[in-house]
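Structure file coords22.cif (mmCIF, C-alpha atoms) is printed below.
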```
data_my_file
loop_
_atom_site.label_atom_id
_atom_site.label_comp_id
_atom_site.auth_asym_id
_atom_site.auth_seq_id
_atom_site.Cartn_x
_atom_site.Cartn_y
_atom_site.Cartn_z
CA MET I 1 16.47 -23.60 6.04
CA TYR I 2 14.12 -22.76 8.87
CA ASP I 3 12.96 -19.17 8.81
CA THR I 4 10.74 -17.14 11.06
CA ASN I 5 7.61 -15.46 9.70
CA LEU I 6 7.14 -11.78 9.07
CA VAL I 7 4.80 -10.58 11.81
CA LEU I 8 2.67 -7.50 11.22
CA GLY I 9 -0.31 -6.44 13.31
CA GLY I 10 -0.21 -9.73 15.18
CA LYS I 11 -0.51 -11.74 11.95
CA ASP I 12 2.09 -14.14 10.59
CA PHE I 13 3.18 -14.08 6.96
CA SER I 14 5.55 -16.61 5.40
CA SER I 15 6.03 -14.50 2.26
CA ARG I 16 8.24 -11.44 2.60
CA LEU I 17 7.10 -9.93 -0.67
CA ILE I 18 4.23 -7.44 -0.66
CA VAL I 19 2.78 -6.42 -4.02
CA GLY I 20 0.68 -3.60 -5.43
CA THR I 21 -2.27 -3.76 -7.79
CA GLY I 22 -1.70 -0.73 -10.01
CA LYS I 23 -0.59 -0.31 -13.60
CA TYR I 24 -1.48 -3.79 -14.87
CA SER I 25 -2.63 -4.15 -18.48
CA SER I 26 -5.63 -6.15 -17.26
CA ASN I 27 -7.12 -7.45 -14.04
CA ASP I 28 -6.49 -10.97 -15.24
CA VAL I 29 -2.74 -10.41 -15.69
CA MET I 30 -2.72 -8.81 -12.25
CA ARG I 31 -4.42 -11.83 -10.71
CA GLN I 32 -1.92 -14.24 -12.29
CA ALA I 33 1.10 -12.11 -11.35
CA ILE I 34 -0.01 -11.83 -7.72
CA GLU I 35 -0.58 -15.56 -7.60
CA GLU I 36 2.90 -16.23 -9.02
CA SER I 37 4.56 -13.74 -6.64
CA GLY I 38 3.47 -15.81 -3.66
CA ALA I 39 2.58 -12.58 -1.85
CA GLU I 40 0.13 -12.81 1.03
CA ILE I 41 -0.30 -9.06 1.45
CA VAL I 42 -1.66 -6.99 -1.42
CA THR I 43 -1.92 -3.22 -1.36
CA VAL I 44 -4.88 -1.37 -2.87
CA ALA I 45 -5.75 2.28 -3.35
CA VAL I 46 -9.02 3.78 -2.07
CA ARG I 47 -10.73 5.79 -4.77
CA ARG I 48 -14.05 7.26 -5.81
CA VAL I 49 -16.48 4.77 -7.33
CA ALA I 50 -17.13 5.51 -11.00
CA LEU I 51 -20.66 6.84 -11.59
CA PRO I 52 -22.98 5.28 -12.43
CA GLY I 53 -21.69 2.29 -10.48
CA SER I 54 -19.97 -0.24 -12.69
CA GLY I 55 -20.17 -3.91 -11.83
CA GLU I 56 -16.48 -4.80 -11.86
CA SER I 57 -14.45 -4.54 -8.67
CA ILE I 58 -10.79 -5.27 -8.12
CA LEU I 59 -11.88 -7.66 -5.39
CA ASP I 60 -13.43 -9.90 -8.04
CA PHE I 61 -9.80 -10.66 -8.94
CA ILE I 62 -8.17 -10.64 -5.49
CA ASP I 63 -9.93 -12.85 -3.00
CA PRO I 64 -9.98 -10.96 0.31
CA LYS I 65 -10.30 -14.27 2.14
CA ARG I 66 -7.04 -15.45 0.68
CA TYR I 67 -4.99 -12.25 0.72
CA THR I 68 -4.54 -9.65 3.43
CA LEU I 69 -5.57 -6.37 1.88
CA LEU I 70 -3.40 -3.38 2.63
CA PRO I 71 -5.22 -0.15 1.77
CA ASN I 72 -2.82 2.66 0.99
CA THR I 73 -3.08 6.42 1.18
CA ALA I 74 -1.32 7.09 -2.12
CA GLY I 75 -2.21 10.52 -3.43
CA CYS I 76 -2.64 12.07 0.03
CA TYR I 77 -0.66 15.25 0.59
CA THR I 78 -1.65 16.02 4.19
CA ALA I 79 -1.92 14.03 7.42
CA ASP I 80 -5.64 14.88 7.51
CA GLU I 81 -6.32 13.41 4.06
CA ALA I 82 -4.32 10.29 4.88
CA ILE I 83 -6.10 9.78 8.21
CA ARG I 84 -9.54 10.19 6.61
CA THR I 85 -8.60 7.73 3.87
CA CYS I 86 -7.62 5.16 6.50
CA TYR I 87 -10.95 5.61 8.29
CA LEU I 88 -12.77 5.20 4.97
CA ALA I 89 -10.80 2.03 4.26
CA ARG I 90 -11.66 0.65 7.69
CA GLU I 91 -15.34 1.51 7.23
CA ALA I 92 -15.24 -0.18 3.81
CA GLY I 93 -14.19 -3.37 5.56
CA LEU I 94 -10.58 -3.39 4.38
CA GLY I 95 -9.19 -3.91 7.87
CA GLU I 96 -6.89 -1.92 10.09
CA MET I 97 -3.54 -2.53 8.47
CA VAL I 98 -2.63 0.51 6.34
CA LYS I 99 0.23 1.55 4.09
CA LEU I 100 0.59 5.16 5.08
CA GLU I 101 1.79 7.62 2.47
CA VAL I 102 1.85 11.36 3.00
CA ILE I 103 3.40 12.81 -0.12
CA GLY I 104 5.36 16.03 0.07
CA ASP I 105 6.14 16.69 -3.57
CA ALA I 106 4.37 15.64 -6.78
CA ARG I 107 7.46 15.34 -8.95
CA THR I 108 9.54 13.09 -6.72
CA LEU I 109 6.69 11.63 -4.61
CA PHE I 110 9.04 11.91 -1.65
CA PRO I 111 7.28 11.67 1.71
CA ASP I 112 6.34 14.66 3.84
CA ALA I 113 8.15 13.72 7.05
CA GLN I 114 6.16 16.03 9.30
CA GLY I 115 2.75 14.94 7.99
CA LEU I 116 3.80 11.30 8.04
CA LEU I 117 4.83 11.43 11.68
CA GLU I 118 1.63 13.23 12.67
CA ALA I 119 -0.59 10.74 10.81
CA THR I 120 1.35 7.77 12.22
CA LYS I 121 0.81 9.01 15.78
CA THR I 122 -2.94 9.50 15.30
CA LEU I 123 -3.60 6.27 13.44
CA ALA I 124 -1.51 4.13 15.81
CA ARG I 125 -3.45 5.62 18.74
CA GLU I 126 -6.70 4.75 16.93
CA GLY I 127 -5.71 1.11 16.70
CA PHE I 128 -4.43 0.92 13.13
CA THR I 129 -1.43 -1.19 12.17
CA VAL I 130 0.55 1.60 10.54
CA MET I 131 3.09 0.82 7.83
CA PRO I 132 4.62 4.17 6.85
CA TYR I 133 6.38 4.81 3.54
CA THR I 134 9.35 6.94 4.55
CA ASN I 135 12.67 8.35 3.40
CA ASP I 136 15.79 6.27 3.91
CA ASP I 137 16.50 8.39 6.98
CA PRO I 138 17.44 6.48 10.15
CA VAL I 139 16.39 9.34 12.45
CA MET I 140 12.95 9.53 10.86
CA ALA I 141 12.66 5.74 11.09
CA LYS I 142 13.31 5.98 14.83
CA ARG I 143 10.69 8.72 15.22
CA LEU I 144 8.13 6.62 13.36
CA GLU I 145 8.85 3.64 15.57
CA GLU I 146 8.39 5.82 18.65
CA ALA I 147 5.12 7.12 17.18
CA GLY I 148 3.77 3.57 17.09
CA ALA I 149 4.48 2.40 13.55
CA ALA I 150 4.22 -1.39 13.13
CA CYS I 151 7.17 -1.33 10.73
CA VAL I 152 9.09 1.24 8.71
CA MET I 153 9.12 1.23 4.92
CA PRO I 154 12.05 3.25 3.60
CA LEU I 155 12.23 3.90 -0.12
CA GLY I 156 15.02 2.32 -2.13
CA ALA I 157 14.60 5.00 -4.80
CA PRO I 158 11.70 7.23 -5.92
CA ILE I 159 8.33 5.51 -6.45
CA GLY I 160 8.08 3.98 -9.92
CA SER I 161 11.69 4.85 -10.81
CA GLY I 162 13.11 1.31 -10.86
CA LEU I 163 16.48 2.72 -9.79
CA GLY I 164 17.11 0.07 -7.14
CA ILE I 165 18.51 0.51 -3.63
CA ARG I 166 20.30 3.86 -3.95
CA ASN I 167 21.60 4.06 -0.40
CA PRO I 168 22.16 0.60 1.02
CA TYR I 169 24.22 2.07 3.86
CA ASN I 170 21.29 4.11 5.16
CA ILE I 171 19.05 1.03 4.93
CA LYS I 172 21.69 -0.84 6.94
CA ILE I 173 21.75 1.91 9.58
CA ILE I 174 17.93 1.88 9.74
CA LEU I 175 18.10 -1.88 10.35
CA GLU I 176 20.43 -1.25 13.27
CA THR I 177 18.35 1.65 14.58
CA VAL I 178 14.82 0.27 14.88
CA SER I 179 13.47 -2.97 16.29
CA VAL I 180 10.27 -3.05 14.19
CA PRO I 181 10.42 -4.78 10.77
CA VAL I 182 12.06 -2.84 7.92
CA ILE I 183 10.42 -3.24 4.51
CA VAL I 184 11.88 -1.58 1.44
CA ASP I 185 9.04 0.19 -0.35
CA ALA I 186 9.56 1.70 -3.80
CA GLY I 187 12.50 1.80 -6.17
CA VAL I 188 12.93 -1.91 -6.91
CA GLY I 189 13.34 -2.38 -10.67
CA THR I 190 14.46 -5.96 -11.11
CA ALA I 191 15.18 -9.14 -9.19
CA SER I 192 18.71 -8.21 -8.06
CA ASP I 193 17.34 -5.06 -6.37
CA ALA I 194 14.98 -7.18 -4.29
CA ALA I 195 17.77 -9.61 -3.46
CA ILE I 196 20.04 -6.75 -2.35
CA ALA I 197 17.35 -5.41 0.00
CA MET I 198 16.93 -8.84 1.55
CA GLU I 199 20.70 -9.50 1.75
CA LEU I 200 21.03 -6.28 3.73
CA GLY I 201 18.74 -7.87 6.29
CA CYS I 202 15.45 -6.20 5.44
CA ASP I 203 12.36 -8.04 6.63
CA GLY I 204 10.49 -7.62 3.38
CA VAL I 205 10.11 -5.79 0.09
CA LEU I 206 7.07 -4.01 -1.33
CA MET I 207 6.82 -3.42 -5.05
CA ASN I 208 4.34 -2.73 -7.81
CA THR I 209 5.75 -1.28 -11.03
CA ALA I 210 8.72 -3.65 -11.23
CA ILE I 211 6.24 -6.46 -11.79
CA ALA I 212 3.35 -4.62 -13.46
CA ALA I 213 5.50 -2.77 -16.01
CA ALA I 214 7.67 -5.76 -16.98
CA GLN I 215 7.17 -7.14 -20.49
CA ASP I 216 5.97 -10.36 -18.88
CA PRO I 217 4.57 -9.47 -15.46
CA VAL I 218 3.79 -13.06 -14.47
CA ALA I 219 7.37 -14.21 -15.15
CA MET I 220 8.76 -11.16 -13.31
CA ALA I 221 6.52 -11.96 -10.35
CA GLU I 222 8.15 -15.40 -10.21
CA ALA I 223 11.60 -13.79 -10.45
CA MET I 224 10.74 -11.51 -7.54
CA ARG I 225 9.45 -14.37 -5.40
CA LEU I 226 12.73 -16.23 -5.96
CA ALA I 227 14.89 -13.10 -5.47
CA VAL I 228 13.29 -12.26 -2.14
CA LYS I 229 13.70 -15.86 -1.04
CA ALA I 230 17.31 -16.03 -2.29
CA GLY I 231 18.25 -12.71 -0.68
CA ARG I 232 16.71 -13.77 2.60
CA LEU I 233 18.53 -17.11 2.59
CA ALA I 234 21.83 -15.42 1.75
CA TYR I 235 21.34 -13.01 4.64
CA LYS I 236 20.47 -15.79 7.07
CA SER I 237 23.43 -17.88 5.85
CA GLY I 238 25.96 -15.22 6.81
CA ARG I 239 28.00 -14.35 3.79
CA MET I 240 31.79 -14.72 3.53
CA GLY I 241 34.04 -11.79 4.22
CA LYS I 242 35.29 -9.64 1.37
CA LYS I 243 38.99 -9.64 0.52
CA LEU I 244 40.99 -7.60 -1.94
CA TYR I 245 43.27 -10.43 -3.15
CA ALA I 246 42.68 -13.99 -4.23
CA THR I 247 42.65 -16.91 -1.85
CA ALA I 248 42.97 -20.32 -3.50
CA SER I 249 40.11 -22.73 -2.94
CA SER I 250 42.21 -25.81 -3.85
CA PRO I 251 44.98 -27.18 -1.58
CA LEU I 252 48.43 -25.77 -2.27
CA GLU I 253 50.09 -29.05 -1.32
CA GLY I 254 50.28 -32.05 -3.64
CA VAL I 255 50.55 -30.15 -6.87
CA PRO I 256 52.37 -32.43 -9.45
CA ASP I 257 55.81 -31.39 -10.50
CA TRP I 258 56.07 -30.86 -14.26
CA THR I 259 59.51 -29.34 -14.28
CA SER I 260 61.98 -31.27 -16.36
CA MET G 1 -43.16 26.83 -9.28
CA GLU G 2 -40.32 29.13 -8.36
CA ALA G 3 -37.54 28.28 -5.96
CA ALA G 4 -37.61 31.80 -4.58
CA ALA G 5 -38.35 30.94 -0.97
CA PRO G 6 -36.14 28.00 -0.13
CA SER G 7 -36.80 28.14 3.58
CA MET G 8 -40.51 27.45 3.33
CA GLY G 9 -42.47 24.43 2.19
CA GLU G 10 -41.62 21.59 -0.18
CA ARG G 11 -38.97 21.98 -2.80
CA PRO G 12 -38.94 19.75 -5.82
CA PHE G 13 -35.29 18.71 -5.54
CA VAL G 14 -32.31 18.59 -3.28
CA PHE G 15 -29.01 19.47 -4.90
CA ILE G 16 -26.07 17.35 -3.86
CA THR G 17 -22.59 16.54 -5.13
CA VAL G 18 -21.60 12.88 -5.43
CA ASN G 19 -17.93 12.11 -6.16
CA GLY G 20 -17.57 15.59 -7.61
CA LYS G 21 -20.64 15.23 -9.83
CA GLU G 22 -23.66 17.51 -9.27
CA MET G 23 -26.99 15.78 -8.97
CA ASP G 24 -30.53 16.66 -8.02
CA VAL G 25 -32.37 14.09 -6.01
CA GLU G 26 -35.73 13.77 -4.31
CA PRO G 27 -36.08 15.31 -0.86
CA GLY G 28 -35.73 12.77 1.90
CA LEU G 29 -33.35 10.53 -0.07
CA THR G 30 -31.15 8.57 2.31
CA VAL G 31 -27.59 7.30 1.76
CA ASP G 32 -29.11 3.88 1.34
CA GLY G 33 -31.47 5.23 -1.32
CA LEU G 34 -28.63 7.00 -3.13
CA LEU G 35 -26.54 3.82 -3.32
CA GLY G 36 -29.55 2.00 -4.73
CA LEU G 37 -30.24 4.77 -7.23
CA LEU G 38 -26.65 4.62 -8.51
CA SER G 39 -26.55 0.78 -8.42
CA ILE G 40 -23.49 0.74 -6.19
CA LYS G 41 -22.54 -2.47 -4.42
CA ARG G 42 -22.35 -2.12 -0.63
CA GLU G 43 -19.56 -4.60 -0.10
CA TYR G 44 -16.13 -2.99 0.44
CA THR G 45 -17.66 0.43 -0.13
CA ALA G 46 -17.48 3.41 2.23
CA VAL G 47 -19.37 6.67 2.24
CA ALA G 48 -18.54 10.10 3.65
CA VAL G 49 -20.99 12.98 3.77
CA ASN G 50 -19.48 16.44 4.18
CA ARG G 51 -16.11 14.91 5.15
CA GLU G 52 -17.66 12.80 7.91
CA ILE G 53 -17.60 9.04 7.45
CA THR G 54 -21.07 7.52 7.50
CA PRO G 55 -21.25 4.23 9.40
CA LYS G 56 -23.16 1.54 7.49
CA SER G 57 -25.70 1.45 10.32
CA ASP G 58 -26.66 5.05 9.48
CA TYR G 59 -27.23 4.51 5.74
CA ALA G 60 -30.97 3.96 6.11
CA SER G 61 -31.58 6.91 8.42
CA LEU G 62 -29.24 9.62 7.11
CA LYS G 63 -31.17 11.93 4.77
CA LEU G 64 -29.26 14.01 2.26
CA GLY G 65 -29.77 17.75 2.34
CA ASP G 66 -29.16 20.63 -0.02
CA GLY G 67 -25.48 21.22 -0.72
CA ASP G 68 -24.30 17.94 0.80
CA LYS G 69 -21.06 16.60 -0.57
CA VAL G 70 -21.00 12.82 -0.79
CA GLU G 71 -17.92 10.71 -1.41
CA ILE G 72 -18.35 7.04 -2.24
CA VAL G 73 -15.14 5.02 -2.37
CA ARG G 74 -13.92 1.49 -2.81
CA PRO G 75 -10.59 -0.30 -3.33
CA MET G 76 -8.96 0.18 -6.73
CA GLY G 77 -5.70 -0.92 -8.31
CA GLY G 78 -2.73 0.93 -6.87
CA GLY G 79 0.43 0.45 -4.88
CA ALA G 80 3.96 1.60 -4.39
CA ARG G 81 4.07 2.21 -8.17
#
```
In structure tokens, how does this file's structure come out?
Amino acid sequence: MYDTNLVLGGKDFSSRLIVGTGKYSSNDVMRQAIEESGAEIVTVAVRRVALPGSGESILDFIDPKRYTLLPNTAGCYTADEAIRTCYLAREAGLGEMVKLEVIGDARTLFPDAQGLLEATKTLAREGFTVMPYTNDDPVMAKRLEEAGAACVMPLGAPIGSGLGIRNPYNIKIILETVSVPVIVDAGVGTASDAAIAMELGCDGVLMNTAIAAAQDPVAMAEAMRLAVKAGRLAYKSGRMGKKLYATASSPLEGVPDWTS
Amino acid sequence: MEAAAPSMGERPFVFITVNGKEMDVEPGLTVDGLLGLLSIKREYTAVAVNREITPKSDYASLKLGDGDKVEIVRPMGGGAR
């Protein structure tokens, strides 16, 4: 079936799965899993270089010419920290597309709505393609869109929880509220969660732990690629209506008479 | 030699903090020199001195002074966990 591309920051992506690079047992497993996921966008953290400088870099395993790197501001608790991190990422040559996180609470890693909005405004004005990680709050999603966000990325459940899409109805309302792409970020635990997000009509799914923490990350990456594709196709196909009682699929006429 | 009069004359070292680690370096050391000293690759690396991001074009000219706080970063594994 013909499908449109996911467009972010003026770039076209045929894959609707975005993957992270954390928590892998080795860089080699990470490389294989990302390859198998079919993702074209890969998110990376920006962190202090270990001293003295070690030779190995994550970019020895992820070819920046092949993948679009998406630096994230994970670990930032204020708009100021997040904005500075984005500038650092840009200066490092990681581009202008950023996954913006402003965390409000260490235990839940829920976003700080106020800081997120402030950072989105500033970064969008400075020419960044801002992809904010937000609550599943339709009003906040609208505010972020107005602030210049390139998409909104509501959480399905807390980061790293694997609890799935806890409030599909809010995600549905967000989809009806904003005109920018909606990408579920965080909470996906297994393939059906990704499929549900896509069946709701989301434009994409971003995940890390669901793949990295699976027993076989490479196989799970394949499962996620297929789930995102399947969910998308199901959404585009227009599912049947739900009914409480049975409706026979076979004709009711022409049934042989076995009565004696 | 005593470091009693810091305002006057040559001092043997400049004390800086790099990624949270205290270091003493030679006076006049530039950002470029520091990266060389620590064998840090330039590609996909960014530097901030005292919270201000240092453009790559300034690496060769920006000299580090006493008390400067240097942050050197690069992409690492991480994501929506």
Since I can't run it myself right now, could you work out what the PyMOL selection byres ((chain G) within 8 of (chain I)) selects here and report it as a PDB file with C-alpha atoms, in the coordinates of the input?
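Output contents, as saved in result17.pdb:
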```pdb
ATOM      1  CA  ASN G  19     -17.930  12.110  -6.160  1.00  0.00           C
ATOM      2  CA  LEU G  38     -26.650   4.620  -8.510  1.00  0.00           C
ATOM      3  CA  SER G  39     -26.550   0.780  -8.420  1.00  0.00           C
ATOM      4  CA  ILE G  40     -23.490   0.740  -6.190  1.00  0.00           C
ATOM      5  CA  LYS G  41     -22.540  -2.470  -4.420  1.00  0.00           C
ATOM      6  CA  GLU G  43     -19.560  -4.600  -0.100  1.00  0.00           C
ATOM      7  CA  TYR G  44     -16.130  -2.990   0.440  1.00  0.00           C
ATOM      8  CA  THR G  45     -17.660   0.430  -0.130  1.00  0.00           C
ATOM      9  CA  ALA G  46     -17.480   3.410   2.230  1.00  0.00           C
ATOM     10  CA  VAL G  47     -19.370   6.670   2.240  1.00  0.00           C
ATOM     11  CA  ALA G  48     -18.540  10.100   3.650  1.00  0.00           C
ATOM     12  CA  ILE G  53     -17.600   9.040   7.450  1.00  0.00           C
ATOM     13  CA  PRO G  55     -21.250   4.230   9.400  1.00  0.00           C
ATOM     14  CA  LYS G  56     -23.160   1.540   7.490  1.00  0.00           C
ATOM     15  CA  GLU G  71     -17.920  10.710  -1.410  1.00  0.00           C
ATOM     16  CA  ILE G  72     -18.350   7.040  -2.240  1.00  0.00           C
ATOM     17  CA  VAL G  73     -15.140   5.020  -2.370  1.00  0.00           C
ATOM     18  CA  ARG G  74     -13.920   1.490  -2.810  1.00  0.00           C
ATOM     19  CA  PRO G  75     -10.590  -0.300  -3.330  1.00  0.00           C
ATOM     20  CA  MET G  76      -8.960   0.180  -6.730  1.00  0.00           C
ATOM     21  CA  GLY G  77      -5.700  -0.920  -8.310  1.00  0.00           C
ATOM     22  CA  GLY G  78      -2.730   0.930  -6.870  1.00  0.00           C
ATOM     23  CA  GLY G  79       0.430   0.450  -4.880  1.00  0.00           C
ATOM     24  CA  ALA G  80       3.960   1.600  -4.390  1.00  0.00           C
ATOM     25  CA  ARG G  81       4.070   2.210  -8.170  1.00  0.00           C
TER      26      ARG G  81
END
```
Would you write out, as a PDB file with C-alpha atoms, keeping the file's coordinate frame, every residue that the PyMOL selection byres ((chain G and resi 62-65) around 7) captures in this file?
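Okay, selection-v5.pdb is ready:
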```pdb
ATOM      1  CA  VAL G  14     -32.310  18.590  -3.280  1.00  0.00           C
ATOM      2  CA  GLY G  28     -35.730  12.770   1.900  1.00  0.00           C
ATOM      3  CA  LEU G  29     -33.350  10.530  -0.070  1.00  0.00           C
ATOM      4  CA  THR G  30     -31.150   8.570   2.310  1.00  0.00           C
ATOM      5  CA  VAL G  31     -27.590   7.300   1.760  1.00  0.00           C
ATOM      6  CA  ASP G  58     -26.660   5.050   9.480  1.00  0.00           C
ATOM      7  CA  TYR G  59     -27.230   4.510   5.740  1.00  0.00           C
ATOM      8  CA  ALA G  60     -30.970   3.960   6.110  1.00  0.00           C
ATOM      9  CA  SER G  61     -31.580   6.910   8.420  1.00  0.00           C
ATOM     10  CA  ASP G  66     -29.160  20.630  -0.020  1.00  0.00           C
ATOM     11  CA  GLY G  67     -25.480  21.220  -0.720  1.00  0.00           C
ATOM     12  CA  ASP G  68     -24.300  17.940   0.800  1.00  0.00           C
TER      13      ASP G  68
END
```
Quiz item: Using all atoms listed in the file, which residues sit within 9 Å of region 9-11 of chain I once same-chain residues fewer than 3 positions away are excluded, as number ranges by chain?
Solution: I: 6, 96-97, 128-130, 150
Quiz prompt | For region 238-245 of chain I: contacts at 12 Å, all atoms listed in the file, fewer than 3 positions along chain excluded, given as a ChimeraX atom specification | solution = /I:199-201,231-235,248
Practice problem: Give me the residues within 12 Å of Asp105 (chain I) as a PyMOL selection string, counting all atoms listed in the file and dropping any in the same chain fewer than 4 places off. | Solution: chain I and resi 75-78+101+109-113+158-159
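Of note, CA of Leu226 (chain I) and CA of Cys202 (chain I) are spaced 15.4 Å apart.
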Quiz prompt | Neighbour list for Ile171 (chain I) as a ChimeraX atom specification, cut-off 12 Å, all atoms listed in the file, skip fewer than 2 positions in-chain | solution = /I:134-139,141,152-157,165-169,173-178,181-185,196-203
Exercise. Could you tell me how far CA of Lys229 (chain I) lies from CA of Thr247 (chain I), in Å and to one decimal?
Key: 29.0 Å
Kindly provide, as JSON, the centre and edge lengths (Å, one decimal) of an axis-aligned box around all atoms of region 35-53 of chain G given in the file, with 5 Å on each side.
```
{"center_x": -23.2, "center_y": 5.9, "center_z": -0.3, "size_x": 24.1, "size_y": 31.0, "size_z": 26.4}
```
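CA of Leu117 (chain I) lies 6.1 Å from CA of Leu144 (chain I).
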Please produce region 178-200 of chain I, completed to N, CA and C atoms, as a CSV table (one decimal), in the coordinates of the input.
```csv
chain,number,residue,atom,x,y,z
I,178,VAL,N,16.2,0.6,14.4
I,178,VAL,CA,14.8,0.3,14.9
I,178,VAL,C,14.7,-1.2,15.2
I,179,SER,N,13.7,-1.6,16.0
I,179,SER,CA,13.5,-3.0,16.3
I,179,SER,C,12.2,-3.5,15.6
I,180,VAL,N,11.4,-2.6,15.0
I,180,VAL,CA,10.3,-3.0,14.2
I,180,VAL,C,10.8,-3.5,12.8
I,181,PRO,N,10.0,-4.3,12.1
I,181,PRO,CA,10.4,-4.8,10.8
I,181,PRO,C,10.7,-3.6,9.8
I,182,VAL,N,11.7,-3.8,8.9
I,182,VAL,CA,12.1,-2.8,7.9
I,182,VAL,C,11.7,-3.4,6.6
I,183,ILE,N,10.9,-2.8,5.8
I,183,ILE,CA,10.4,-3.2,4.5
I,183,ILE,C,10.8,-2.2,3.5
I,184,VAL,N,11.6,-2.5,2.5
I,184,VAL,CA,11.9,-1.6,1.4
I,184,VAL,C,10.6,-1.4,0.5
I,185,ASP,N,10.2,-0.1,0.4
I,185,ASP,CA,9.0,0.2,-0.4
I,185,ASP,C,9.4,1.2,-1.4
I,186,ALA,N,9.3,0.8,-2.7
I,186,ALA,CA,9.6,1.7,-3.8
I,186,ALA,C,11.0,1.7,-4.3
I,187,GLY,N,11.2,1.7,-5.6
I,187,GLY,CA,12.5,1.8,-6.2
I,187,GLY,C,13.0,0.5,-6.8
I,188,VAL,N,12.5,-0.6,-6.3
I,188,VAL,CA,12.9,-1.9,-6.9
I,188,VAL,C,12.6,-2.0,-8.4
I,189,GLY,N,13.6,-2.3,-9.2
I,189,GLY,CA,13.3,-2.4,-10.7
I,189,GLY,C,13.4,-3.8,-11.2
I,190,THR,N,14.3,-4.6,-10.6
I,190,THR,CA,14.5,-6.0,-11.1
I,190,THR,C,14.9,-6.9,-10.0
I,191,ALA,N,15.0,-8.2,-10.3
I,191,ALA,CA,15.2,-9.1,-9.2
I,191,ALA,C,16.4,-8.9,-8.3
I,192,SER,N,17.5,-8.4,-8.9
I,192,SER,CA,18.7,-8.2,-8.1
I,192,SER,C,18.5,-7.1,-7.0
I,193,ASP,N,17.6,-6.1,-7.3
I,193,ASP,CA,17.3,-5.1,-6.4
I,193,ASP,C,16.6,-5.6,-5.1
I,194,ALA,N,15.7,-6.5,-5.4
I,194,ALA,CA,15.0,-7.2,-4.3
I,194,ALA,C,15.9,-8.0,-3.5
I,195,ALA,N,16.8,-8.8,-4.2
I,195,ALA,CA,17.8,-9.6,-3.5
I,195,ALA,C,18.7,-8.8,-2.6
I,196,ILE,N,19.1,-7.6,-3.1
I,196,ILE,CA,20.0,-6.8,-2.4
I,196,ILE,C,19.4,-6.3,-1.1
I,197,ALA,N,18.1,-5.9,-1.2
I,197,ALA,CA,17.4,-5.4,0.0
I,197,ALA,C,17.3,-6.5,1.0
I,198,MET,N,17.0,-7.7,0.6
I,198,MET,CA,16.9,-8.8,1.6
I,198,MET,C,18.3,-9.2,2.1
I,199,GLU,N,19.3,-9.2,1.3
I,199,GLU,CA,20.7,-9.5,1.8
I,199,GLU,C,21.2,-8.5,2.8
I,200,LEU,N,20.7,-7.3,2.7
I,200,LEU,CA,21.0,-6.3,3.7
I,200,LEU,C,20.4,-6.7,5.1
```
